[in-house]
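So this block is protein39.csv, CSV, C-alpha atoms:
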```csv
chain,number,residue,atom,x,y,z
E,1,MET,CA,52.4,91.1,112.6
E,2,ASN,CA,48.8,92.1,113.1
E,3,TYR,CA,46.3,89.7,111.6
E,4,THR,CA,42.7,88.5,112.0
E,5,PHE,CA,40.1,86.1,110.7
E,6,ARG,CA,36.9,87.4,109.1
E,7,LEU,CA,33.8,85.7,107.7
E,8,LYS,CA,33.0,86.3,104.1
E,9,GLU,CA,29.3,86.7,104.9
E,10,PRO,CA,29.0,87.3,108.6
E,11,ASN,CA,25.2,88.1,108.4
E,12,GLY,CA,24.2,85.1,106.3
E,13,ASP,CA,22.2,82.1,107.3
E,14,ALA,CA,24.5,79.4,105.9
E,15,GLU,CA,28.1,78.3,106.2
E,16,THR,CA,30.5,80.8,104.8
E,17,LEU,CA,34.2,81.0,104.0
E,18,ILE,CA,36.8,82.2,106.6
E,19,TYR,CA,39.4,84.7,105.4
E,20,PHE,CA,42.8,85.4,106.8
E,21,ARG,CA,43.5,89.1,106.8
E,22,ALA,CA,46.7,91.0,107.5
E,23,PRO,CA,47.3,94.8,106.9
E,24,PHE,CA,50.4,95.9,105.0
E,25,LYS,CA,50.8,99.6,106.0
E,26,ASN,CA,53.9,100.0,103.8
E,27,GLU,CA,51.7,99.1,100.7
E,28,GLY,CA,48.5,100.7,101.9
E,29,LYS,CA,46.7,97.4,101.3
E,30,THR,CA,45.4,94.4,103.2
E,31,PHE,CA,46.4,90.9,102.4
E,32,VAL,CA,43.3,88.7,102.1
E,33,TYR,CA,43.5,84.9,101.7
E,34,SER,CA,40.8,82.3,101.7
E,35,THR,CA,41.5,79.5,104.2
E,36,GLY,CA,39.1,77.2,102.4
E,37,GLU,CA,37.4,76.6,105.8
E,38,LYS,CA,33.7,77.2,106.3
E,39,ILE,CA,31.6,77.8,109.3
E,40,HIS,CA,28.1,79.0,110.2
E,41,PRO,CA,28.0,82.6,111.5
E,42,LYS,CA,26.1,81.3,114.6
E,43,ASP,CA,29.2,79.2,115.5
E,44,TRP,CA,31.6,82.1,115.2
E,45,ASP,CA,32.9,84.2,118.1
E,46,LEU,CA,32.9,87.9,116.9
E,47,LYS,CA,35.2,89.0,119.7
E,48,SER,CA,38.0,86.4,119.5
E,49,LYS,CA,37.5,86.0,115.7
E,50,ARG,CA,37.6,82.2,116.1
E,51,PRO,CA,35.1,79.4,116.2
E,52,ALA,CA,32.8,79.6,119.4
E,53,ASN,CA,32.2,77.1,122.2
E,54,LEU,CA,35.4,75.1,121.6
E,55,ALA,CA,35.2,73.4,125.0
E,56,SER,CA,31.6,72.2,124.4
E,57,ARG,CA,30.9,68.5,124.2
E,58,LYS,CA,27.8,69.0,122.1
E,59,SER,CA,27.5,67.9,118.5
E,60,GLY,CA,29.6,70.0,116.1
E,61,ALA,CA,32.2,71.0,118.7
E,62,GLU,CA,34.8,68.6,117.3
E,63,HIS,CA,34.3,70.1,113.9
E,64,ARG,CA,34.8,73.6,115.2
E,65,ARG,CA,38.0,72.5,117.0
E,66,THR,CA,39.3,71.1,113.7
E,67,ILE,CA,38.6,74.4,112.0
E,68,ASN,CA,40.3,76.3,114.8
E,69,ALA,CA,43.4,74.1,114.5
E,70,GLN,CA,43.6,74.8,110.8
E,71,LEU,CA,43.3,78.6,111.5
E,72,SER,CA,46.1,78.3,114.0
E,73,ARG,CA,48.2,76.9,111.2
E,74,TYR,CA,47.7,80.0,109.2
E,75,ALA,CA,48.4,82.3,112.2
E,76,ASN,CA,51.6,80.4,113.1
E,77,PHE,CA,52.9,80.3,109.6
E,78,TYR,CA,52.3,84.0,109.1
E,79,ARG,CA,54.2,84.8,112.3
E,80,ASP,CA,57.1,82.5,111.1
E,81,ILE,CA,57.2,84.3,107.8
E,82,CYS,CA,57.3,87.7,109.4
E,83,ASP,CA,60.1,86.6,111.8
E,84,ARG,CA,62.1,85.1,108.9
E,85,TYR,CA,62.0,88.3,106.9
E,86,LYS,CA,62.8,90.4,109.9
E,87,ASN,CA,65.9,88.3,110.6
E,88,ILE,CA,67.2,88.7,107.1
E,89,ASN,CA,66.4,92.5,107.2
E,90,GLU,CA,64.1,92.3,104.2
E,91,VAL,CA,60.6,93.8,103.7
E,92,LEU,CA,57.8,91.3,103.4
E,93,THR,CA,55.4,92.1,100.6
E,94,ILE,CA,51.9,91.0,99.9
E,95,LYS,CA,53.2,89.2,96.7
E,96,ASP,CA,55.9,87.3,98.8
E,97,LEU,CA,53.3,86.3,101.4
E,98,ARG,CA,50.8,85.1,98.8
E,99,GLU,CA,53.4,82.9,97.2
E,100,ALA,CA,54.4,81.5,100.5
E,101,PHE,CA,50.8,80.8,101.5
E,102,ASN,CA,50.1,79.2,98.1
E,103,ILE,CA,53.0,76.8,98.6
E,104,GLU,CA,52.1,76.0,102.2
E,105,PHE,CA,48.4,75.7,102.0
E,106,LYS,CA,47.5,75.1,98.3
E,107,LYS,CA,49.8,72.2,98.0
E,108,VAL,CA,52.2,73.7,95.4
E,109,SER,CA,55.1,71.3,95.8
E,110,LYS,CA,58.2,72.8,97.4
E,111,GLU,CA,60.3,70.1,95.7
E,112,VAL,CA,59.4,71.4,92.3
E,113,ASN,CA,59.2,75.1,93.1
E,114,ASP,CA,61.9,75.7,90.6
E,115,PHE,CA,61.0,77.1,87.2
E,116,PHE,CA,62.9,74.6,85.1
E,117,LYS,CA,62.0,71.6,87.2
E,118,ILE,CA,58.4,72.5,86.6
E,119,TYR,CA,59.1,73.0,82.9
E,120,ASP,CA,60.7,69.5,82.8
E,121,LEU,CA,57.5,68.1,84.2
E,122,PHE,CA,55.5,69.9,81.5
E,123,LEU,CA,57.8,68.5,78.8
E,124,LYS,CA,57.5,65.0,80.3
E,125,GLU,CA,53.7,65.1,80.2
E,126,LYS,CA,53.7,66.5,76.6
E,127,THR,CA,56.1,63.8,75.5
E,128,ASN,CA,54.1,61.0,77.1
E,129,ASN,CA,50.9,62.3,75.6
E,130,ASN,CA,52.0,61.8,72.0
E,131,THR,CA,48.5,60.7,70.9
E,132,ASP,CA,47.5,64.3,70.9
E,133,GLN,CA,48.4,65.9,67.5
E,134,ALA,CA,49.3,69.1,69.4
E,135,ASN,CA,52.2,67.1,71.0
E,136,SER,CA,54.0,66.0,67.8
E,137,SER,CA,57.7,65.4,67.9
E,138,SER,CA,58.4,68.7,66.1
E,139,THR,CA,56.3,70.6,68.7
E,140,ILE,CA,58.1,68.9,71.6
E,141,LYS,CA,61.4,70.0,70.1
E,142,ARG,CA,60.1,73.6,70.0
E,143,TYR,CA,59.1,73.4,73.6
E,144,ASP,CA,62.5,72.0,74.4
E,145,TYR,CA,64.1,74.9,72.4
E,146,ASN,CA,62.0,77.4,74.4
E,147,LYS,CA,63.4,75.9,77.6
E,148,THR,CA,67.0,76.4,76.4
E,149,LEU,CA,66.1,79.9,75.2
E,150,LEU,CA,64.7,80.8,78.7
E,151,LYS,CA,67.8,79.4,80.4
E,152,ASN,CA,70.0,81.6,78.1
E,153,PHE,CA,67.8,84.6,78.9
E,154,LYS,CA,68.1,84.0,82.6
E,155,GLU,CA,71.9,83.6,82.5
E,156,LYS,CA,72.4,86.6,80.2
E,157,THR,CA,70.1,89.0,82.0
E,158,ASN,CA,70.3,87.6,85.6
E,159,TYR,CA,66.5,87.8,85.6
E,160,ASN,CA,64.9,86.2,88.7
E,161,LEU,CA,62.9,83.7,86.7
E,162,ARG,CA,60.2,82.2,88.8
E,163,LEU,CA,56.6,81.4,88.1
E,164,ASN,CA,55.4,84.3,90.2
E,165,THR,CA,57.8,86.8,88.4
E,166,ILE,CA,56.1,86.1,85.0
E,167,ASN,CA,54.7,89.6,84.4
E,168,LYS,CA,54.8,92.6,82.1
E,169,GLU,CA,58.4,93.3,83.1
E,170,PHE,CA,59.4,89.7,82.2
E,171,TYR,CA,57.6,89.9,78.9
E,172,ASN,CA,59.3,93.2,77.9
E,173,SER,CA,62.7,91.9,79.0
E,174,PHE,CA,62.3,88.6,77.2
E,175,ILE,CA,61.2,90.3,73.9
E,176,LYS,CA,64.1,92.7,74.1
E,177,TYR,CA,66.5,89.8,74.6
E,178,CYS,CA,65.1,87.8,71.7
E,179,VAL,CA,65.2,90.7,69.3
E,180,GLU,CA,68.5,92.3,70.3
E,181,GLU,CA,70.5,89.3,71.3
E,182,LYS,CA,69.0,86.4,69.4
E,183,LYS,CA,67.9,88.4,66.3
E,184,HIS,CA,64.6,86.6,66.2
E,185,SER,CA,62.1,87.6,63.6
E,186,THR,CA,58.5,88.4,64.4
E,187,ASN,CA,57.4,85.0,63.3
E,188,THR,CA,59.8,83.3,65.6
E,189,LEU,CA,58.8,85.5,68.5
E,190,SER,CA,55.1,84.9,67.8
E,191,ARG,CA,55.6,81.1,67.9
E,192,ASN,CA,57.8,81.1,71.0
E,193,ILE,CA,55.5,83.4,73.0
E,194,GLY,CA,52.6,81.2,72.1
E,195,LEU,CA,54.5,78.0,73.2
E,196,PHE,CA,55.5,79.8,76.5
E,197,LYS,CA,51.9,80.8,77.2
E,198,THR,CA,50.9,77.1,76.7
E,199,PHE,CA,53.3,76.2,79.4
E,200,MET,CA,52.0,78.8,81.7
E,201,PHE,CA,48.4,77.7,81.2
E,202,TRP,CA,49.5,74.1,82.1
E,203,ALA,CA,51.3,75.4,85.2
E,204,LEU,CA,48.2,77.3,86.2
E,205,ASP,CA,45.9,74.3,85.6
E,206,ASN,CA,48.2,72.0,87.6
E,207,LYS,CA,48.4,74.5,90.5
E,208,TYR,CA,52.1,75.1,90.3
E,209,THR,CA,51.3,78.8,90.1
E,210,PHE,CA,48.3,81.1,90.8
E,211,ASN,CA,49.9,83.9,88.7
E,212,GLU,CA,47.7,84.8,85.7
E,213,GLU,CA,49.5,88.0,84.5
E,214,PHE,CA,50.8,86.0,81.5
E,215,LYS,CA,47.3,86.1,80.1
E,216,GLU,CA,47.8,89.8,79.3
E,217,PHE,CA,50.8,89.1,77.1
E,218,LYS,CA,50.1,90.5,73.6
E,219,ASN,CA,50.0,88.1,70.7
E,220,ILE,CA,52.6,89.0,68.2
E,221,LYS,CA,51.4,89.2,64.6
E,222,ARG,CA,53.3,87.0,62.2
E,223,PHE,CA,55.1,88.6,59.2
E,224,ALA,CA,55.7,87.0,55.8
E,225,THR,CA,59.5,86.8,55.2
E,226,ASN,CA,61.2,86.5,51.9
E,227,GLU,CA,62.7,83.0,52.3
E,228,ILE,CA,64.4,81.1,49.5
E,229,ALA,CA,62.6,78.9,47.0
E,230,LEU,CA,64.5,77.2,44.2
E,231,THR,CA,63.4,76.9,40.6
E,232,LYS,CA,63.1,73.6,38.7
E,233,LYS,CA,66.2,74.4,36.7
E,234,GLN,CA,68.2,74.9,39.9
E,235,ILE,CA,67.0,71.6,41.3
E,236,GLU,CA,68.0,69.9,38.0
E,237,LYS,CA,71.4,71.5,38.3
E,238,ILE,CA,71.8,70.3,41.9
E,239,TYR,CA,70.7,66.8,41.0
E,240,ASN,CA,73.2,66.5,38.2
E,241,PHE,CA,76.1,68.3,40.0
E,242,ASP,CA,79.4,66.3,40.1
E,243,LEU,CA,80.2,65.9,43.8
E,244,LYS,CA,83.4,63.8,43.0
E,245,LYS,CA,82.4,60.8,45.0
E,246,ASN,CA,81.8,62.7,48.2
E,247,GLU,CA,79.3,60.1,49.5
E,248,ARG,CA,78.2,62.2,52.5
E,249,LEU,CA,77.2,65.2,50.3
E,250,ILE,CA,75.7,63.0,47.6
E,251,LYS,CA,73.3,61.5,50.2
E,252,ILE,CA,72.4,65.0,51.5
E,253,ARG,CA,71.8,66.1,47.9
E,254,ASP,CA,69.6,63.1,47.1
E,255,LEU,CA,67.6,63.6,50.3
E,256,PHE,CA,67.1,67.3,49.5
E,257,VAL,CA,66.0,66.7,45.9
E,258,PHE,CA,63.6,64.0,47.1
E,259,GLY,CA,62.0,66.6,49.3
E,260,CYS,CA,61.8,69.1,46.4
E,261,ALA,CA,60.1,66.4,44.4
E,262,SER,CA,57.6,65.3,47.0
E,263,GLY,CA,56.7,68.4,49.0
E,264,MET,CA,56.8,66.7,52.3
E,265,ARG,CA,58.4,67.9,55.5
E,266,TYR,CA,61.8,66.5,56.3
E,267,SER,CA,60.4,64.5,59.2
E,268,ASN,CA,58.1,62.7,56.7
E,269,TYR,CA,60.3,62.4,53.6
E,270,SER,CA,63.5,61.4,55.4
E,271,THR,CA,61.9,58.1,56.6
E,272,VAL,CA,60.1,56.9,53.5
E,273,SER,CA,60.7,53.2,52.8
E,274,LYS,CA,59.4,50.4,50.6
E,275,LYS,CA,56.3,49.8,52.7
E,276,ASP,CA,55.2,53.3,52.1
E,277,ILE,CA,55.1,52.9,48.3
E,278,SER,CA,52.0,51.5,46.6
E,279,GLU,CA,50.6,51.8,43.0
E,280,GLY,CA,52.9,54.7,42.1
E,281,PHE,CA,52.1,56.7,45.3
E,282,ILE,CA,54.0,57.5,48.5
E,283,ASN,CA,51.5,56.8,51.4
E,284,VAL,CA,52.5,58.1,54.8
E,285,ILE,CA,50.9,59.5,58.0
E,286,ASP,CA,51.9,63.1,58.6
E,287,VAL,CA,54.4,63.1,61.5
E,288,LYS,CA,53.2,66.6,62.7
E,289,ASP,CA,49.5,65.8,62.4
E,290,LYS,CA,48.7,62.1,62.7
E,291,THR,CA,45.2,62.8,61.6
E,292,LYS,CA,46.5,63.5,58.1
E,293,SER,CA,47.2,60.7,55.5
E,294,LEU,CA,49.5,61.9,52.7
E,295,ARG,CA,49.2,60.3,49.3
E,296,ILE,CA,51.8,61.7,46.9
E,297,PRO,CA,52.3,60.5,43.3
E,298,LEU,CA,55.9,59.4,42.4
E,299,ASN,CA,57.7,61.2,39.7
E,300,LYS,CA,61.0,60.9,37.9
E,301,TYR,CA,63.2,62.3,40.7
E,302,SER,CA,61.5,60.6,43.6
E,303,THR,CA,61.4,57.2,41.8
E,304,GLU,CA,65.1,57.4,40.8
E,305,ILE,CA,66.3,58.3,44.3
E,306,LEU,CA,64.2,55.6,46.0
E,307,GLU,CA,65.5,52.9,43.6
E,308,LYS,CA,69.1,54.2,44.0
E,309,TYR,CA,68.9,53.4,47.7
E,310,ASP,CA,66.8,50.3,47.3
E,311,TYR,CA,63.9,52.2,49.1
E,312,LYS,CA,66.1,52.7,52.2
E,313,LEU,CA,66.8,56.4,52.2
E,314,PRO,CA,69.8,57.7,54.2
E,315,ARG,CA,68.9,58.5,57.9
E,316,LEU,CA,70.2,61.5,59.9
E,317,SER,CA,68.8,64.1,62.2
E,318,ASN,CA,67.2,67.3,60.9
E,319,GLN,CA,69.9,69.2,62.7
E,320,LYS,CA,72.7,67.4,61.0
E,321,PHE,CA,70.9,67.6,57.6
E,322,ASN,CA,70.6,71.4,58.0
E,323,GLU,CA,74.3,71.6,58.8
E,324,TYR,CA,75.4,69.6,55.8
E,325,ILE,CA,73.0,71.1,53.3
E,326,LYS,CA,74.7,74.5,53.7
E,327,GLU,CA,78.0,72.8,53.1
E,328,LEU,CA,76.6,71.2,49.9
E,329,PHE,CA,75.3,74.5,48.5
E,330,GLU,CA,78.6,76.2,49.3
E,331,GLU,CA,80.4,73.5,47.5
E,332,MET,CA,78.2,74.1,44.5
E,333,GLY,CA,79.0,77.8,44.4
E,334,TYR,CA,75.8,79.2,45.8
E,335,ASP,CA,77.7,82.0,47.5
E,336,ALA,CA,75.8,85.0,46.2
E,337,LYS,CA,74.7,87.6,48.8
E,338,VAL,CA,71.0,87.7,49.3
E,339,LYS,CA,68.8,90.0,51.3
E,340,LYS,CA,66.5,88.9,54.0
E,341,THR,CA,63.7,91.1,55.3
E,342,MET,CA,62.3,90.5,58.7
E,343,LYS,CA,60.3,92.4,61.3
E,344,VAL,CA,61.6,92.7,64.8
E,345,GLY,CA,59.5,94.7,67.2
E,346,ASN,CA,58.0,97.5,65.1
E,347,ASN,CA,61.0,97.7,62.7
E,348,ILE,CA,61.5,96.2,59.3
E,349,ILE,CA,65.1,95.1,59.1
E,350,GLU,CA,67.1,94.0,56.0
E,351,THR,CA,70.1,91.8,56.4
E,352,GLU,CA,72.5,90.2,53.9
E,353,SER,CA,73.9,86.6,54.0
E,354,PHE,CA,75.3,84.0,51.7
E,355,LEU,CA,72.6,82.1,49.8
E,356,TYR,CA,74.0,78.8,51.1
E,357,ASP,CA,73.4,79.9,54.7
E,358,ARG,CA,69.7,80.4,53.9
E,359,ILE,CA,69.1,76.8,52.7
E,360,SER,CA,67.5,74.3,55.1
E,361,SER,CA,65.4,71.2,54.9
E,362,HIS,CA,62.3,73.4,54.7
E,363,THR,CA,63.6,75.0,51.5
E,364,ALA,CA,62.7,71.8,49.7
E,365,ARG,CA,59.0,72.0,50.7
E,366,ARG,CA,58.9,75.7,49.9
E,367,SER,CA,60.5,75.0,46.5
E,368,PHE,CA,58.1,72.2,45.7
E,369,ILE,CA,55.1,74.5,46.3
E,370,THR,CA,56.5,77.4,44.4
E,371,ILE,CA,57.4,75.2,41.3
E,372,MET,CA,53.9,73.7,41.3
E,373,LYS,CA,52.2,77.1,41.6
E,374,ASN,CA,54.4,78.6,38.8
E,375,ASN,CA,53.3,75.7,36.6
E,376,ARG,CA,49.7,76.7,37.4
E,377,VAL,CA,48.8,73.6,39.3
E,378,PRO,CA,45.6,74.3,41.2
E,379,ASP,CA,46.1,75.1,44.9
E,380,LYS,CA,43.8,72.3,46.1
E,381,VAL,CA,45.8,69.7,44.1
E,382,ILE,CA,49.1,71.0,45.7
E,383,MET,CA,47.5,71.1,49.1
E,384,SER,CA,46.5,67.4,48.7
E,385,TYR,CA,50.2,66.6,48.3
E,386,THR,CA,51.5,68.8,51.1
E,387,GLY,CA,48.7,68.1,53.6
E,388,HIS,CA,47.9,71.8,54.1
E,389,LYS,CA,44.4,72.5,55.3
E,390,SER,CA,44.7,76.3,55.6
E,391,LEU,CA,45.1,78.3,52.4
E,392,GLU,CA,46.6,81.2,54.3
E,393,VAL,CA,49.4,79.0,55.7
E,394,PHE,CA,49.9,77.3,52.4
E,395,ASN,CA,50.3,80.6,50.5
E,396,ASN,CA,53.0,81.6,52.9
E,397,TYR,CA,55.3,79.0,51.2
E,398,TYR,CA,55.0,80.6,47.8
E,399,ARG,CA,58.2,82.4,46.9
E,400,PRO,CA,58.4,83.5,43.2
E,401,ASN,CA,62.0,84.7,42.4
E,402,GLU,CA,62.9,87.7,40.2
E,403,GLU,CA,63.2,85.6,37.0
E,404,GLN,CA,59.8,84.1,37.5
E,405,ARG,CA,58.3,87.6,38.2
E,406,VAL,CA,59.7,88.9,34.9
E,407,ASP,CA,58.5,85.8,33.0
E,408,PHE,CA,54.9,86.3,34.3
E,409,MET,CA,55.0,89.9,33.4
E,410,ASN,CA,56.2,89.2,29.9
E,411,SER,CA,53.8,86.4,29.3
E,412,VAL,CA,50.9,88.8,29.9
E,413,PHE,CA,52.1,92.1,28.4
E,414,ASN,CA,54.5,91.0,25.7
```
Would you mind writing the structure in this file as structure tokens?
Amino acid sequence: MNYTFRLKEPNGDAETLIYFRAPFKNEGKTFVYSTGEKIHPKDWDLKSKRPANLASRKSGAEHRRTINAQLSRYANFYRDICDRYKNINEVLTIKDLREAFNIEFKKVSKEVNDFFKIYDLFLKEKTNNNTDQANSSSTIKRYDYNKTLLKNFKEKTNYNLRLNTINKEFYNSFIKYCVEEKKHSTNTLSRNIGLFKTFMFWALDNKYTFNEEFKEFKNIKRFATNEIALTKKQIEKIYNFDLKKNERLIKIRDLFVFGCASGMRYSNYSTVSKKDISEGFINVIDVKDKTKSLRIPLNKYSTEILEKYDYKLPRLSNQKFNEYIKELFEEMGYDAKVKKTMKVGNNIIETESFLYDRISSHTARRSFITIMKNNRVPDKVIMSYTGHKSLEVFNNYYRPNEEQRVDFMNSVFN
């Protein structure tokens, strides 16, 4: 339990910081911690390692007594920590001591010194600050999903998940869990690690942690997967398919075709109403990026569907839509086996699944872009409909199928 106080610049001619120091022989290192207190070297007793002339009544003595009382807090707290670890027969480490000092003296709240309670505070702040385009409803849902993912990781691996345990070991364990247990692709890993680092930067900025090891986490390069895009013929077939008065699936089908005919995200196209229609255009603010105004011309499909529902499209959550759309495509016989290529870790993995399992609300947006490009509509025109600013991101949506690839080849060489 040896400890001492040292001045940062004992030979200087100005006030200098006072450091708390304690040797850790088992680690071969010394714990050094800034108390935040400052004193002039001439007012420091080199023998007692405390402020000098504490009994004096001269000017400045009261200030020195206040500093000394604060230093006593450090000394007493250190002794208490040492006794606590000794009583439970555990070895106190520099890392443990630093965390305890941070909580006690840097005002890291003990009440919220729980990883998921702190994550909830982060979510609350992001949700309340919805004027920032980086905090869109879809992004908030992804942060919320990350919280669930981290909880599942903690339960599955029994990892001691605390802010001070976010290090290389955590990173490797978390990646392993996401790849082997959750079967996440590289793109999903890349996004979730990025969102997690955003949380850690927030925790660091708000002084819930002083651990900066997460900054060393490698960014995972995204990988273009072969997701499904439908042809115009397929969409016509879907639109005209007899669903035998199944009202629920009819509504799902109409919503999906409306998305294929407008190119918008589900969060945008599922809420279109009469007020959004003007002079033959759909005019909406992009839900994901409120700085974007989308102006999309109506066509045969989008007009018919809007008129069918008197400009009040069916409303349901994206989650429910994605559940029912698979049921719709299974009903229509889209049960062929299709391959999916994805990159997990350093490996390229091919899996097979039914085509209907691969359909989601985002298939509509991908199909719209692919159909437009296959009809040689200029990229800038399509991007003006979809709201894309980045050509790189936009091109990730293009998915020509085998028939289209053959047609393009024949149109050139035959």
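Omitting Thr370 in chain E and its sequence neighbours fewer than 3 positions away, and counting all atoms listed in the file, the residues within 6 Å are Ser367, Lys373, Tyr398 and Arg399 of chain E.
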Worksheet entry | Tyr334 in chain E environment, 12 Å, only C-alpha atoms, sequence neighbours closer than 6 positions dropped, as a list in words | Leu230, Gln234, Lys237, Ile238, Ile325, Lys326, Glu327, Leu328, Ser353, Phe354, Leu355, Tyr356, Asp357, Arg358 and Ile359 of chain E
Selection from above, C-alpha atoms, as a JSON list (two decimals), in the coordinates of the input, can you write it?
```
[["chain", "number", "residue", "atom", "x", "y", "z"],
["E", 230, "LEU", "CA", 64.50, 77.20, 44.20],
["E", 234, "GLN", "CA", 68.20, 74.90, 39.90],
["E", 237, "LYS", "CA", 71.40, 71.50, 38.30],
["E", 238, "ILE", "CA", 71.80, 70.30, 41.90],
["E", 325, "ILE", "CA", 73.00, 71.10, 53.30],
["E", 326, "LYS", "CA", 74.70, 74.50, 53.70],
["E", 327, "GLU", "CA", 78.00, 72.80, 53.10],
["E", 328, "LEU", "CA", 76.60, 71.20, 49.90],
["E", 353, "SER", "CA", 73.90, 86.60, 54.00],
["E", 354, "PHE", "CA", 75.30, 84.00, 51.70],
["E", 355, "LEU", "CA", 72.60, 82.10, 49.80],
["E", 356, "TYR", "CA", 74.00, 78.80, 51.10],
["E", 357, "ASP", "CA", 73.40, 79.90, 54.70],
["E", 358, "ARG", "CA", 69.70, 80.40, 53.90],
["E", 359, "ILE", "CA", 69.10, 76.80, 52.70]]
```
Fill in: Distance in Å - CA of Ser273 in chain E versus CA of Glu323 in chain E
23.7 Å
Fill in: Residue list as a list of chain:residue names for point (57.1, 86.4, 80.3), cut-off 10 Å, all atoms listed in the file
E:Leu150, E:Leu161, E:Arg162, E:Leu163, E:Thr165, E:Ile166, E:Asn167, E:Lys168, E:Glu169, E:Phe170, E:Tyr171, E:Asn172, E:Ser173, E:Phe174, E:Ile175, E:Ile193, E:Phe196, E:Lys197, E:Met200, E:Glu213, E:Phe214, E:Lys215, E:Glu216, E:Phe217
Residues as selected, C-alpha atoms, written as a PDB file, keeping the file's coordinate frame, can you do that?
```pdb
ATOM      1  CA  LEU E 150      64.700  80.800  78.700  1.00  0.00           C
ATOM      2  CA  LEU E 161      62.900  83.700  86.700  1.00  0.00           C
ATOM      3  CA  ARG E 162      60.200  82.200  88.800  1.00  0.00           C
ATOM      4  CA  LEU E 163      56.600  81.400  88.100  1.00  0.00           C
ATOM      5  CA  THR E 165      57.800  86.800  88.400  1.00  0.00           C
ATOM      6  CA  ILE E 166      56.100  86.100  85.000  1.00  0.00           C
ATOM      7  CA  ASN E 167      54.700  89.600  84.400  1.00  0.00           C
ATOM      8  CA  LYS E 168      54.800  92.600  82.100  1.00  0.00           C
ATOM      9  CA  GLU E 169      58.400  93.300  83.100  1.00  0.00           C
ATOM     10  CA  PHE E 170      59.400  89.700  82.200  1.00  0.00           C
ATOM     11  CA  TYR E 171      57.600  89.900  78.900  1.00  0.00           C
ATOM     12  CA  ASN E 172      59.300  93.200  77.900  1.00  0.00           C
ATOM     13  CA  SER E 173      62.700  91.900  79.000  1.00  0.00           C
ATOM     14  CA  PHE E 174      62.300  88.600  77.200  1.00  0.00           C
ATOM     15  CA  ILE E 175      61.200  90.300  73.900  1.00  0.00           C
ATOM     16  CA  ILE E 193      55.500  83.400  73.000  1.00  0.00           C
ATOM     17  CA  PHE E 196      55.500  79.800  76.500  1.00  0.00           C
ATOM     18  CA  LYS E 197      51.900  80.800  77.200  1.00  0.00           C
ATOM     19  CA  MET E 200      52.000  78.800  81.700  1.00  0.00           C
ATOM     20  CA  GLU E 213      49.500  88.000  84.500  1.00  0.00           C
ATOM     21  CA  PHE E 214      50.800  86.000  81.500  1.00  0.00           C
ATOM     22  CA  LYS E 215      47.300  86.100  80.100  1.00  0.00           C
ATOM     23  CA  GLU E 216      47.800  89.800  79.300  1.00  0.00           C
ATOM     24  CA  PHE E 217      50.800  89.100  77.100  1.00  0.00           C
TER      25      PHE E 217
END
```
Discussion item. When you look at range 255-270 of chain E with a cut-off of 6 Å (counting only C-alpha atoms), what residues show up, excluding the ones that are within fewer than 2 positions of it in the same chain? I need them as a VMD selection string.
Written reply: chain E and resid 252 to 253 272 302 364 to 365 368 386
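If only C-alpha atoms are the atoms counted, then among E:Gly387, E:Leu123, E:Leu189, E:Pro378 the closest residue to Ile285 in chain E is E:Gly387.
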Fill in: CA of Gln319 in chain E to CA of Thr139 in chain E, straight-line distance in Å
14.9 Å
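Using all atoms listed in the file for every distance, the candidate list E:Thr16, E:Asn192, E:Ser72, E:Asn53 yields E:Thr16 as the residue closest to Glu37 in chain E.
The spacing separating CA of Thr93 in chain E from CA of Arg50 in chain E amounts to 25.6 Å.
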